[in-house]
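Asker: Okay, so here is final_20.pdb, and as you'll see once you scroll down, it has PDB, C-alpha atoms and all ligand atoms.
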```pdb
ATOM      1  CA  MET A 144       0.000   0.000   0.000  1.00  0.00           C
ATOM      2  CA  SER A 145       1.331   3.421  -0.867  1.00  0.00           C
ATOM      3  CA  THR A 146       2.581   5.686   1.879  1.00  0.00           C
ATOM      4  CA  LYS A 147       0.238   8.521   2.726  1.00  0.00           C
ATOM      5  CA  LEU A 148       1.162  11.591   4.716  1.00  0.00           C
ATOM      6  CA  LEU A 149      -1.451  13.044   7.039  1.00  0.00           C
ATOM      7  CA  LEU A 150      -0.800  16.609   8.125  1.00  0.00           C
ATOM      8  CA  PHE A 151      -2.890  17.720  11.060  1.00  0.00           C
ATOM      9  CA  ASP A 152      -3.452  21.307  12.075  1.00  0.00           C
ATOM     10  CA  VAL A 153      -3.374  21.874  15.855  1.00  0.00           C
ATOM     11  CA  ASP A 154      -5.688  24.641  17.109  1.00  0.00           C
ATOM     12  CA  GLY A 155      -9.357  24.100  16.426  1.00  0.00           C
ATOM     13  CA  THR A 156      -8.647  20.748  14.778  1.00  0.00           C
ATOM     14  CA  LEU A 157      -6.976  18.455  17.342  1.00  0.00           C
ATOM     15  CA  ILE A 158      -7.307  20.643  20.426  1.00  0.00           C
ATOM     16  CA  HIS A 159      -8.459  23.974  21.731  1.00  0.00           C
ATOM     17  CA  SER A 160      -5.943  25.671  24.027  1.00  0.00           C
ATOM     18  CA  GLY A 161      -8.732  27.564  25.757  1.00  0.00           C
ATOM     19  CA  GLY A 162      -7.128  30.856  24.784  1.00  0.00           C
ATOM     20  CA  ALA A 163      -3.817  29.996  26.454  1.00  0.00           C
ATOM     21  CA  GLY A 164      -1.990  30.765  23.205  1.00  0.00           C
ATOM     22  CA  ARG A 165      -3.649  34.128  22.747  1.00  0.00           C
ATOM     23  CA  ARG A 166      -3.063  35.077  26.382  1.00  0.00           C
ATOM     24  CA  ALA A 167       0.622  34.196  26.189  1.00  0.00           C
ATOM     25  CA  MET A 168       0.964  36.318  23.057  1.00  0.00           C
ATOM     26  CA  HIS A 169      -0.692  39.264  24.781  1.00  0.00           C
ATOM     27  CA  ARG A 170       1.621  39.010  27.774  1.00  0.00           C
ATOM     28  CA  ALA A 171       4.750  38.739  25.656  1.00  0.00           C
ATOM     29  CA  PHE A 172       3.688  41.659  23.474  1.00  0.00           C
ATOM     30  CA  GLU A 173       2.939  43.856  26.446  1.00  0.00           C
ATOM     31  CA  GLU A 174       6.253  43.048  28.058  1.00  0.00           C
ATOM     32  CA  ILE A 175       8.251  43.990  24.975  1.00  0.00           C
ATOM     33  CA  TYR A 176       6.240  46.845  23.505  1.00  0.00           C
ATOM     34  CA  GLY A 177       4.361  48.139  26.551  1.00  0.00           C
ATOM     35  CA  ILE A 178       1.018  47.776  24.787  1.00  0.00           C
ATOM     36  CA  GLU A 179      -1.870  45.991  26.443  1.00  0.00           C
ATOM     37  CA  ASP A 180      -4.194  43.901  24.339  1.00  0.00           C
ATOM     38  CA  GLY A 181      -1.826  44.170  21.382  1.00  0.00           C
ATOM     39  CA  PHE A 182      -3.667  41.559  19.303  1.00  0.00           C
ATOM     40  CA  LYS A 183      -7.130  42.932  19.961  1.00  0.00           C
ATOM     41  CA  ASP A 184      -8.352  43.181  16.362  1.00  0.00           C
ATOM     42  CA  ILE A 185      -6.399  40.280  14.951  1.00  0.00           C
ATOM     43  CA  SER A 186      -7.901  37.010  13.828  1.00  0.00           C
ATOM     44  CA  MET A 187      -5.311  34.375  14.638  1.00  0.00           C
ATOM     45  CA  TYR A 188      -7.203  31.502  13.043  1.00  0.00           C
ATOM     46  CA  GLY A 189      -5.135  29.667  10.478  1.00  0.00           C
ATOM     47  CA  MET A 190      -2.382  32.282  10.692  1.00  0.00           C
ATOM     48  CA  THR A 191       1.259  31.535  11.449  1.00  0.00           C
ATOM     49  CA  ASP A 192       2.675  32.914  14.704  1.00  0.00           C
ATOM     50  CA  PRO A 193       5.267  35.202  13.047  1.00  0.00           C
ATOM     51  CA  LEU A 194       2.621  36.716  10.766  1.00  0.00           C
ATOM     52  CA  ILE A 195       0.325  37.309  13.738  1.00  0.00           C
ATOM     53  CA  LEU A 196       3.150  39.247  15.383  1.00  0.00           C
ATOM     54  CA  LYS A 197       3.856  41.209  12.204  1.00  0.00           C
ATOM     55  CA  GLU A 198       0.203  42.132  11.837  1.00  0.00           C
ATOM     56  CA  ALA A 199       0.055  43.369  15.432  1.00  0.00           C
ATOM     57  CA  LEU A 200       3.201  45.435  14.921  1.00  0.00           C
ATOM     58  CA  ALA A 201       1.751  46.966  11.759  1.00  0.00           C
ATOM     59  CA  ASN A 202      -1.503  47.799  13.582  1.00  0.00           C
ATOM     60  CA  HIS A 203       0.466  49.699  16.207  1.00  0.00           C
ATOM     61  CA  GLY A 204       2.818  51.383  13.732  1.00  0.00           C
ATOM     62  CA  LEU A 205       5.779  49.462  15.126  1.00  0.00           C
ATOM     63  CA  GLU A 206       8.755  48.163  13.216  1.00  0.00           C
ATOM     64  CA  TRP A 207       9.525  44.437  12.978  1.00  0.00           C
ATOM     65  CA  ARG A 208      13.010  43.452  14.073  1.00  0.00           C
ATOM     66  CA  LYS A 209      14.385  39.920  14.083  1.00  0.00           C
ATOM     67  CA  GLN A 210      15.799  40.198  17.605  1.00  0.00           C
ATOM     68  CA  ASP A 211      12.444  41.391  18.942  1.00  0.00           C
ATOM     69  CA  GLU A 212      10.688  38.471  17.265  1.00  0.00           C
ATOM     70  CA  GLU A 213      13.116  36.067  18.924  1.00  0.00           C
ATOM     71  CA  ARG A 214      12.524  37.688  22.297  1.00  0.00           C
ATOM     72  CA  PHE A 215       8.776  37.621  21.704  1.00  0.00           C
ATOM     73  CA  LYS A 216       8.925  33.939  20.851  1.00  0.00           C
ATOM     74  CA  ARG A 217      10.928  33.143  23.999  1.00  0.00           C
ATOM     75  CA  LEU A 218       8.514  35.038  26.240  1.00  0.00           C
ATOM     76  CA  TYR A 219       5.516  33.553  24.471  1.00  0.00           C
ATOM     77  CA  ILE A 220       6.866  30.041  25.069  1.00  0.00           C
ATOM     78  CA  THR A 221       7.520  30.831  28.739  1.00  0.00           C
ATOM     79  CA  TYR A 222       4.020  32.186  29.294  1.00  0.00           C
ATOM     80  CA  LEU A 223       2.388  29.419  27.297  1.00  0.00           C
ATOM     81  CA  THR A 224       4.174  26.771  29.358  1.00  0.00           C
ATOM     82  CA  THR A 225       2.566  28.043  32.546  1.00  0.00           C
ATOM     83  CA  GLY A 226      -0.626  29.371  30.933  1.00  0.00           C
ATOM     84  CA  ILE A 227      -1.660  26.053  29.418  1.00  0.00           C
ATOM     85  CA  GLN A 228      -1.834  24.607  32.950  1.00  0.00           C
ATOM     86  CA  ALA A 229      -4.451  27.142  34.047  1.00  0.00           C
ATOM     87  CA  PRO A 230      -8.086  26.078  34.226  1.00  0.00           C
ATOM     88  CA  LEU A 231      -9.642  27.507  31.086  1.00  0.00           C
ATOM     89  CA  PRO A 232     -13.266  26.666  30.312  1.00  0.00           C
ATOM     90  CA  GLN A 233     -12.800  26.007  26.583  1.00  0.00           C
ATOM     91  CA  LYS A 234      -9.565  24.044  26.878  1.00  0.00           C
ATOM     92  CA  ARG A 235     -10.080  20.555  25.495  1.00  0.00           C
ATOM     93  CA  ILE A 236      -9.166  17.818  23.078  1.00  0.00           C
ATOM     94  CA  MET A 237     -11.540  17.974  20.152  1.00  0.00           C
ATOM     95  CA  PRO A 238     -14.028  15.121  19.973  1.00  0.00           C
ATOM     96  CA  GLY A 239     -12.733  12.156  17.996  1.00  0.00           C
ATOM     97  CA  THR A 240      -9.081  13.250  18.027  1.00  0.00           C
ATOM     98  CA  VAL A 241      -7.716  10.372  20.097  1.00  0.00           C
ATOM     99  CA  GLU A 242      -9.815   7.702  18.387  1.00  0.00           C
ATOM    100  CA  LEU A 243      -8.733   8.897  14.956  1.00  0.00           C
ATOM    101  CA  LEU A 244      -5.052   9.144  15.886  1.00  0.00           C
ATOM    102  CA  ASP A 245      -5.218   5.658  17.367  1.00  0.00           C
ATOM    103  CA  ALA A 246      -6.822   4.282  14.220  1.00  0.00           C
ATOM    104  CA  VAL A 247      -4.240   6.000  12.021  1.00  0.00           C
ATOM    105  CA  SER A 248      -1.437   4.625  14.235  1.00  0.00           C
ATOM    106  CA  HIS A 249      -2.491   1.099  13.417  1.00  0.00           C
ATOM    107  CA  ARG A 250      -1.822   1.616   9.736  1.00  0.00           C
ATOM    108  CA  GLU A 251       1.854   1.329   8.881  1.00  0.00           C
ATOM    109  CA  ASN A 252       1.501   3.194   5.564  1.00  0.00           C
ATOM    110  CA  LEU A 253      -0.032   6.288   7.182  1.00  0.00           C
ATOM    111  CA  VAL A 254       2.484   8.857   8.405  1.00  0.00           C
ATOM    112  CA  ARG A 255       1.269  11.072  11.218  1.00  0.00           C
ATOM    113  CA  GLY A 256       2.421  14.649  10.749  1.00  0.00           C
ATOM    114  CA  LEU A 257       1.657  18.153  11.894  1.00  0.00           C
ATOM    115  CA  LEU A 258       1.223  21.218   9.742  1.00  0.00           C
ATOM    116  CA  THR A 259       0.640  24.217  11.906  1.00  0.00           C
ATOM    117  CA  GLY A 260       1.136  27.949  12.108  1.00  0.00           C
ATOM    118  CA  ASN A 261       2.441  27.444  15.640  1.00  0.00           C
ATOM    119  CA  TRP A 262       6.104  27.693  16.374  1.00  0.00           C
ATOM    120  CA  GLU A 263       7.270  24.138  16.995  1.00  0.00           C
ATOM    121  CA  GLN A 264       7.773  24.602  20.726  1.00  0.00           C
ATOM    122  CA  GLY A 265       4.330  26.165  21.060  1.00  0.00           C
ATOM    123  CA  ALA A 266       2.676  23.282  19.228  1.00  0.00           C
ATOM    124  CA  LYS A 267       4.508  20.781  21.433  1.00  0.00           C
ATOM    125  CA  ILE A 268       3.507  22.555  24.625  1.00  0.00           C
ATOM    126  CA  LYS A 269      -0.144  22.631  23.571  1.00  0.00           C
ATOM    127  CA  LEU A 270      -0.216  19.015  22.400  1.00  0.00           C
ATOM    128  CA  GLY A 271       1.953  17.922  25.318  1.00  0.00           C
ATOM    129  CA  PHE A 272      -0.611  19.189  27.782  1.00  0.00           C
ATOM    130  CA  PHE A 273      -3.075  16.723  26.265  1.00  0.00           C
ATOM    131  CA  LYS A 274      -0.446  13.951  25.924  1.00  0.00           C
ATOM    132  CA  LEU A 275      -0.712  13.870  22.147  1.00  0.00           C
ATOM    133  CA  ASN A 276       2.901  14.493  21.092  1.00  0.00           C
ATOM    134  CA  HIS A 277       3.785  10.818  20.846  1.00  0.00           C
ATOM    135  CA  TYR A 278       1.430  10.357  17.909  1.00  0.00           C
ATOM    136  CA  PHE A 279       3.432  12.572  15.563  1.00  0.00           C
ATOM    137  CA  GLU A 280       6.445  11.456  13.607  1.00  0.00           C
ATOM    138  CA  LEU A 281       7.196  14.760  11.923  1.00  0.00           C
ATOM    139  CA  GLY A 282       5.862  18.208  11.269  1.00  0.00           C
ATOM    140  CA  ALA A 283       6.217  21.552   9.573  1.00  0.00           C
ATOM    141  CA  PHE A 284       5.936  24.613  11.769  1.00  0.00           C
ATOM    142  CA  ALA A 285       6.100  28.398  11.698  1.00  0.00           C
ATOM    143  CA  ASP A 286       9.854  28.078  12.340  1.00  0.00           C
ATOM    144  CA  ASP A 287      10.155  26.582   8.849  1.00  0.00           C
ATOM    145  CA  SER A 288       8.265  29.389   7.137  1.00  0.00           C
ATOM    146  CA  GLU A 289       5.825  32.109   8.101  1.00  0.00           C
ATOM    147  CA  ILE A 290       3.910  31.348   4.890  1.00  0.00           C
ATOM    148  CA  ARG A 291       1.566  28.462   5.564  1.00  0.00           C
ATOM    149  CA  GLU A 292       1.569  27.386   1.940  1.00  0.00           C
ATOM    150  CA  ASP A 293       5.340  26.806   2.099  1.00  0.00           C
ATOM    151  CA  LEU A 294       4.923  24.317   4.940  1.00  0.00           C
ATOM    152  CA  VAL A 295       3.420  21.559   2.793  1.00  0.00           C
ATOM    153  CA  PRO A 296       6.614  20.875   0.778  1.00  0.00           C
ATOM    154  CA  VAL A 297       8.675  21.054   3.995  1.00  0.00           C
ATOM    155  CA  ALA A 298       6.571  18.317   5.577  1.00  0.00           C
ATOM    156  CA  VAL A 299       6.590  16.258   2.381  1.00  0.00           C
ATOM    157  CA  LYS A 300      10.389  16.415   2.192  1.00  0.00           C
ATOM    158  CA  ARG A 301      10.738  15.344   5.835  1.00  0.00           C
ATOM    159  CA  CYS A 302       8.422  12.420   5.238  1.00  0.00           C
ATOM    160  CA  GLU A 303      10.236  11.359   2.084  1.00  0.00           C
ATOM    161  CA  GLU A 304      13.569  11.451   3.906  1.00  0.00           C
ATOM    162  CA  THR A 305      12.483   9.571   7.020  1.00  0.00           C
ATOM    163  CA  ARG A 306      10.410   6.961   5.202  1.00  0.00           C
ATOM    164  CA  GLU A 307      12.620   6.787   2.113  1.00  0.00           C
ATOM    165  CA  VAL A 308       9.649   7.061  -0.201  1.00  0.00           C
ATOM    166  CA  GLU A 309       8.471   9.395  -2.890  1.00  0.00           C
ATOM    167  CA  LEU A 310       5.025  10.777  -2.210  1.00  0.00           C
ATOM    168  CA  LYS A 311       2.499  11.556  -4.892  1.00  0.00           C
ATOM    169  CA  PRO A 312       0.736  14.895  -4.304  1.00  0.00           C
ATOM    170  CA  GLU A 313      -2.605  13.138  -3.890  1.00  0.00           C
ATOM    171  CA  ASP A 314      -1.167  10.978  -1.104  1.00  0.00           C
ATOM    172  CA  VAL A 315      -0.742  14.049   1.079  1.00  0.00           C
ATOM    173  CA  TYR A 316      -3.697  15.114   3.222  1.00  0.00           C
ATOM    174  CA  VAL A 317      -4.013  18.423   5.046  1.00  0.00           C
ATOM    175  CA  ILE A 318      -6.517  18.209   7.893  1.00  0.00           C
ATOM    176  CA  GLY A 319      -7.663  21.482   9.382  1.00  0.00           C
ATOM    177  CA  ASP A 320     -10.434  23.777  10.517  1.00  0.00           C
ATOM    178  CA  THR A 321      -9.968  26.980   8.489  1.00  0.00           C
ATOM    179  CA  PRO A 322     -10.118  28.105   4.864  1.00  0.00           C
ATOM    180  CA  LEU A 323      -6.359  28.737   5.142  1.00  0.00           C
ATOM    181  CA  ASP A 324      -5.748  25.035   5.751  1.00  0.00           C
ATOM    182  CA  ILE A 325      -7.480  24.293   2.454  1.00  0.00           C
ATOM    183  CA  LEU A 326      -5.739  27.097   0.587  1.00  0.00           C
ATOM    184  CA  CYS A 327      -2.258  26.073   1.726  1.00  0.00           C
ATOM    185  CA  ALA A 328      -2.769  22.548   0.373  1.00  0.00           C
ATOM    186  CA  GLN A 329      -4.359  23.200  -3.001  1.00  0.00           C
ATOM    187  CA  PRO A 330      -1.351  24.678  -4.851  1.00  0.00           C
ATOM    188  CA  HIS A 331       0.566  21.486  -4.030  1.00  0.00           C
ATOM    189  CA  GLY A 332      -2.153  19.115  -5.195  1.00  0.00           C
ATOM    190  CA  ALA A 333      -2.604  17.815  -1.657  1.00  0.00           C
ATOM    191  CA  ARG A 334      -6.021  16.635  -0.564  1.00  0.00           C
ATOM    192  CA  THR A 335      -7.948  18.463   2.114  1.00  0.00           C
ATOM    193  CA  ILE A 336     -10.140  17.352   4.978  1.00  0.00           C
ATOM    194  CA  VAL A 337     -11.830  20.023   7.058  1.00  0.00           C
ATOM    195  CA  VAL A 338     -13.824  20.039  10.252  1.00  0.00           C
ATOM    196  CA  ALA A 339     -16.091  22.742  11.624  1.00  0.00           C
ATOM    197  CA  THR A 340     -14.762  22.584  15.187  1.00  0.00           C
ATOM    198  CA  GLY A 341     -13.023  25.939  14.934  1.00  0.00           C
ATOM    199  CA  ILE A 342     -14.770  29.248  14.368  1.00  0.00           C
ATOM    200  CA  HIS A 343     -15.518  28.612  10.706  1.00  0.00           C
ATOM    201  CA  THR A 344     -18.887  27.368   9.579  1.00  0.00           C
ATOM    202  CA  LYS A 345     -19.529  24.579   7.137  1.00  0.00           C
ATOM    203  CA  GLU A 346     -20.426  27.194   4.514  1.00  0.00           C
ATOM    204  CA  ASP A 347     -17.174  29.137   5.021  1.00  0.00           C
ATOM    205  CA  LEU A 348     -15.224  25.930   4.593  1.00  0.00           C
ATOM    206  CA  LEU A 349     -17.148  24.520   1.638  1.00  0.00           C
ATOM    207  CA  ALA A 350     -16.633  27.827  -0.188  1.00  0.00           C
ATOM    208  CA  GLU A 351     -12.958  26.869  -0.574  1.00  0.00           C
ATOM    209  CA  LYS A 352     -13.816  23.462  -2.037  1.00  0.00           C
ATOM    210  CA  PRO A 353     -12.170  21.014   0.343  1.00  0.00           C
ATOM    211  CA  ASP A 354     -12.079  17.378  -0.777  1.00  0.00           C
ATOM    212  CA  HIS A 355     -13.839  16.246   2.386  1.00  0.00           C
ATOM    213  CA  PHE A 356     -15.887  17.951   5.068  1.00  0.00           C
ATOM    214  CA  PHE A 357     -16.884  16.599   8.488  1.00  0.00           C
ATOM    215  CA  PRO A 358     -18.623  18.423  11.334  1.00  0.00           C
ATOM    216  CA  ASP A 359     -15.859  17.094  13.633  1.00  0.00           C
ATOM    217  CA  LEU A 360     -13.408  14.192  13.852  1.00  0.00           C
ATOM    218  CA  THR A 361     -15.790  11.742  15.534  1.00  0.00           C
ATOM    219  CA  ASP A 362     -16.657   9.611  12.503  1.00  0.00           C
ATOM    220  CA  THR A 363     -13.436   7.608  12.656  1.00  0.00           C
ATOM    221  CA  ALA A 364     -14.653   4.920  10.250  1.00  0.00           C
ATOM    222  CA  GLU A 365     -15.706   7.387   7.527  1.00  0.00           C
ATOM    223  CA  ILE A 366     -12.492   9.381   7.837  1.00  0.00           C
ATOM    224  CA  MET A 367     -10.371   6.220   7.717  1.00  0.00           C
ATOM    225  CA  LYS A 368     -12.120   5.198   4.474  1.00  0.00           C
ATOM    226  CA  ILE A 369     -10.513   8.212   2.799  1.00  0.00           C
ATOM    227  CA  PHE A 370      -7.082   6.690   3.417  1.00  0.00           C
ATOM    228  CA  SER A 371      -7.967   3.157   2.331  1.00  0.00           C
TER     229      SER A 371
HETATM  230 MG    MG B   1      -6.606  25.688  13.199  1.00  0.00          MG
END
```
What does the file become when written as structure tokens?
Answerer:
Amino acid sequence: MSTKLLLFDVDGTLIHSGGAGRRAMHRAFEEIYGIEDGFKDISMYGMTDPLILKEALANHGLEWRKQDEERFKRLYITYLTTGIQAPLPQKRIMPGTVELLDAVSHRENLVRGLLTGNWEQGAKIKLGFFKLNHYFELGAFADDSEIREDLVPVAVKRCEETREVELKPEDVYVIGDTPLDILCAQPHGARTIVVATGIHTKEDLLAEKPDHFFPDLTDTAEIMKIFS
């Protein structure tokens, strides 16, 4: 059976951090730039972390500097590490996540990957809180590129190297909860599976013509059929 690469988005797809990510960003931003609520008007959904920072800087008429971004990232990681432990009402694993990852794990030809706008450490802290890190063999993160679309070939290359295979575009699946997850996959010929467990409605998602839509990840059997 041919090798297939599954690339899961994190926030809104596998888990919800309960706003821990957003809070940590706010704290880090305030500490560096002295501005409270720095990300107030910014939609973070589907965006990469560095682009979220750049948008906030632009909104406040501030200049982007590499050293500030590195400091921001360090502070963000520090605050996220503690913040994720806090009791947050919305914090949860999305329904069906564990069952699906278990089912996928039983299939040798399915490679479990991440494709996320999170910095790698951030993704690992969020998933680590829910004990999900062990499921993933590889990933592409905001550290690889701030452009989400560029992350697909990064993940494909990592998979091809570790598994010593050559993947066909249609054997790559991007699984997410936003129109941006669909849009980052399409130029590469990757297939798309979307769920409406984030803020986007079924209509928003279908407008971008995903290959598959599910309300959430609970229908393990139907989702697994896609990879058969
Ligand atoms: Mg998401």
Asker: Against ligand MG 1 (chain B), which residues of chain A fall within 7 Å? For each one I want the closest pair of atoms and the distance in Å (one decimal), counting all atoms listed in the file, rows by chain and increasing residue number, as a tab-separated table.
Answerer:
```
residue	atom	partner	partner_atom	distance
A:Asp152	CA	B:MG1	MG	5.5
A:Val153	CA	B:MG1	MG	5.7
A:Asp154	CA	B:MG1	MG	4.2
A:Gly155	CA	B:MG1	MG	4.5
A:Thr156	CA	B:MG1	MG	5.6
A:Tyr188	CA	B:MG1	MG	5.8
A:Gly189	CA	B:MG1	MG	5.0
A:Gly319	CA	B:MG1	MG	5.8
A:Asp320	CA	B:MG1	MG	5.0
A:Thr321	CA	B:MG1	MG	5.9
A:Gly341	CA	B:MG1	MG	6.7
```
Asker: Using all atoms listed in the file, which residue out of A:Phe370, A:Trp262, A:Trp207, A:Phe215 lies closest to Arg250 (chain A)?
Answerer: A:Phe370
Asker: Determine, counting all atoms listed in the file, every residue of protein, DNA or RNA that lies within 9 Å of (-17.7, 12.9, 16.3) in the file coordinates, then give the result as a list in words.
Answerer: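 Residues with an atom at most 9 Å from (-17.7, 12.9, 16.3): Met237, Pro238, Gly239, Thr240, Phe357, Pro358, Asp359, Leu360, Thr361, Asp362 and Thr363 of chain A.
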Asker: Just how far from CA of Leu258 (chain A) is CA of Ala283 (chain A), in Å to one decimal?
Answerer: 5.0 Å
Asker: Please evaluate the PyMOL selection byres (((chain A and resi 261) around 8) and not hetatm) against the displayed coordinates and give the resulting residues as a PyMOL selection string.
Answerer: chain A and resi 191-192+259-260+262-266+284-285
Asker: When the PyMOL selection byres (((chain A and resi 315) around 6) and not hetatm) is applied to the structure above, which residues does it catch, written out as an MDAnalysis selection string?
Answerer: chainID A and resid 147:148 312:314 316 333
Asker: Grab all the atoms of region 156-172 of chain A that the file lists, wrap them in a box along x, y and z, add 5 Å per side, and give me centre plus edge lengths in Å (one decimal) as AutoDock Vina command-line options.
Answerer:
```
--center_x -2.0 --center_y 30.1 --center_z 21.3 --size_x 23.5 --size_y 33.2 --size_z 23.0
```
Asker: Run through the PyMOL selection byres (((chain A and resi 302-309) around 10) and not hetatm) on the given coordinates and return the selected residues as a ChimeraX atom specification.
Answerer: /A:145-148,252,254-256,280-282,296-301,310-312,314
Asker: Would you mind telling me which residue in A:Leu223, A:Val241, A:Ile175, A:Ala350 lies nearest to Asp211 (chain A) when using all atoms listed in the file?
Answerer: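 Between A:Leu223, A:Val241, A:Ile175, A:Ala350, the residue approaching Asp211 (chain A) most closely is A:Ile175.
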Asker: Counting only C-alpha atoms, find the residues whose atoms lie at most 8 Å from (7.6, 35.7, 25.8) (file coordinates) and write them out as a PDB file with C-alpha atoms, keeping the file's coordinate frame.
Answerer:
```
ATOM      1  CA  ALA A 167       0.622  34.196  26.189  1.00  0.00           C
ATOM      2  CA  MET A 168       0.964  36.318  23.057  1.00  0.00           C
ATOM      3  CA  ARG A 170       1.621  39.010  27.774  1.00  0.00           C
ATOM      4  CA  ALA A 171       4.750  38.739  25.656  1.00  0.00           C
ATOM      5  CA  PHE A 172       3.688  41.659  23.474  1.00  0.00           C
ATOM      6  CA  GLU A 174       6.253  43.048  28.058  1.00  0.00           C
ATOM      7  CA  ARG A 214      12.524  37.688  22.297  1.00  0.00           C
ATOM      8  CA  PHE A 215       8.776  37.621  21.704  1.00  0.00           C
ATOM      9  CA  LYS A 216       8.925  33.939  20.851  1.00  0.00           C
ATOM     10  CA  ARG A 217      10.928  33.143  23.999  1.00  0.00           C
ATOM     11  CA  LEU A 218       8.514  35.038  26.240  1.00  0.00           C
ATOM     12  CA  TYR A 219       5.516  33.553  24.471  1.00  0.00           C
ATOM     13  CA  ILE A 220       6.866  30.041  25.069  1.00  0.00           C
ATOM     14  CA  THR A 221       7.520  30.831  28.739  1.00  0.00           C
ATOM     15  CA  TYR A 222       4.020  32.186  29.294  1.00  0.00           C
TER      16      TYR A 222
END
```
Asker: Restricting the calculation to all atoms listed in the file, which member of A:Pro322, A:Tyr278, A:His159, A:Thr224 is positioned closest to Glu346 (chain A)?
Answerer: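 So, comparing all the options, the nearest one is A:Pro322.
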Asker: How many Å separate CA of Pro330 (chain A) from CA of Met367 (chain A)?
Answerer: 24.1 Å
Asker: Work out how far CA of His343 (chain A) is from CA of Asp324 (chain A), in Å to one decimal.
Answerer: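 Computing the Euclidean distance for CA of Asp324 (chain A) and CA of His343 (chain A) yields 11.5 Å.
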Asker: Because some atoms of region 207-224 of chain A are absent here, can you restore N, CA and C atoms and send them as an mmCIF file, keeping the file's coordinate frame?
Answerer:
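Full text of part.cif as output:
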```cif
data_model
loop_
_atom_site.group_PDB
_atom_site.id
_atom_site.type_symbol
_atom_site.label_atom_id
_atom_site.label_comp_id
_atom_site.auth_asym_id
_atom_site.auth_seq_id
_atom_site.Cartn_x
_atom_site.Cartn_y
_atom_site.Cartn_z
ATOM 1 N N TRP A 207 9.134 45.819 12.680
ATOM 2 C CA TRP A 207 9.525 44.437 12.978
ATOM 3 C C TRP A 207 11.042 44.348 13.013
ATOM 4 N N ARG A 208 11.567 43.720 14.018
ATOM 5 C CA ARG A 208 13.010 43.452 14.073
ATOM 6 C C ARG A 208 13.211 42.006 14.498
ATOM 7 N N LYS A 209 14.156 41.355 13.833
ATOM 8 C CA LYS A 209 14.385 39.920 14.083
ATOM 9 C C LYS A 209 14.631 39.637 15.573
ATOM 10 N N GLN A 210 15.464 40.477 16.194
ATOM 11 C CA GLN A 210 15.799 40.198 17.605
ATOM 12 C C GLN A 210 14.579 40.337 18.516
ATOM 13 N N ASP A 211 13.673 41.252 18.142
ATOM 14 C CA ASP A 211 12.444 41.391 18.942
ATOM 15 C C ASP A 211 11.547 40.159 18.755
ATOM 16 N N GLU A 212 11.513 39.660 17.511
ATOM 17 C CA GLU A 212 10.688 38.471 17.265
ATOM 18 C C GLU A 212 11.218 37.289 18.086
ATOM 19 N N GLU A 213 12.542 37.176 18.148
ATOM 20 C CA GLU A 213 13.116 36.067 18.924
ATOM 21 C C GLU A 213 12.793 36.205 20.407
ATOM 22 N N ARG A 214 12.849 37.447 20.892
ATOM 23 C CA ARG A 214 12.524 37.688 22.297
ATOM 24 C C ARG A 214 11.033 37.411 22.545
ATOM 25 N N PHE A 215 10.217 37.855 21.603
ATOM 26 C CA PHE A 215 8.776 37.621 21.704
ATOM 27 C C PHE A 215 8.487 36.121 21.768
ATOM 28 N N LYS A 216 9.134 35.389 20.899
ATOM 29 C CA LYS A 216 8.925 33.939 20.851
ATOM 30 C C LYS A 216 9.333 33.292 22.184
ATOM 31 N N ARG A 217 10.467 33.708 22.722
ATOM 32 C CA ARG A 217 10.928 33.143 23.999
ATOM 33 C C ARG A 217 9.935 33.417 25.117
ATOM 34 N N LEU A 218 9.466 34.678 25.184
ATOM 35 C CA LEU A 218 8.514 35.038 26.240
ATOM 36 C C LEU A 218 7.188 34.298 26.046
ATOM 37 N N TYR A 219 6.767 34.251 24.788
ATOM 38 C CA TYR A 219 5.516 33.553 24.471
ATOM 39 C C TYR A 219 5.580 32.097 24.941
ATOM 40 N N ILE A 220 6.693 31.449 24.672
ATOM 41 C CA ILE A 220 6.866 30.041 25.069
ATOM 42 C C ILE A 220 6.844 29.916 26.603
ATOM 43 N N THR A 221 7.514 30.839 27.268
ATOM 44 C CA THR A 221 7.520 30.831 28.739
ATOM 45 C C THR A 221 6.105 30.966 29.285
ATOM 46 N N TYR A 222 5.377 31.945 28.775
ATOM 47 C CA TYR A 222 4.020 32.186 29.294
ATOM 48 C C TYR A 222 3.042 31.087 28.889
ATOM 49 N N LEU A 223 3.263 30.516 27.727
ATOM 50 C CA LEU A 223 2.388 29.419 27.297
ATOM 51 C C LEU A 223 2.598 28.183 28.173
ATOM 52 N N THR A 224 3.848 27.942 28.539
ATOM 53 C CA THR A 224 4.174 26.771 29.358
ATOM 54 C C THR A 224 3.396 26.792 30.670
#
```
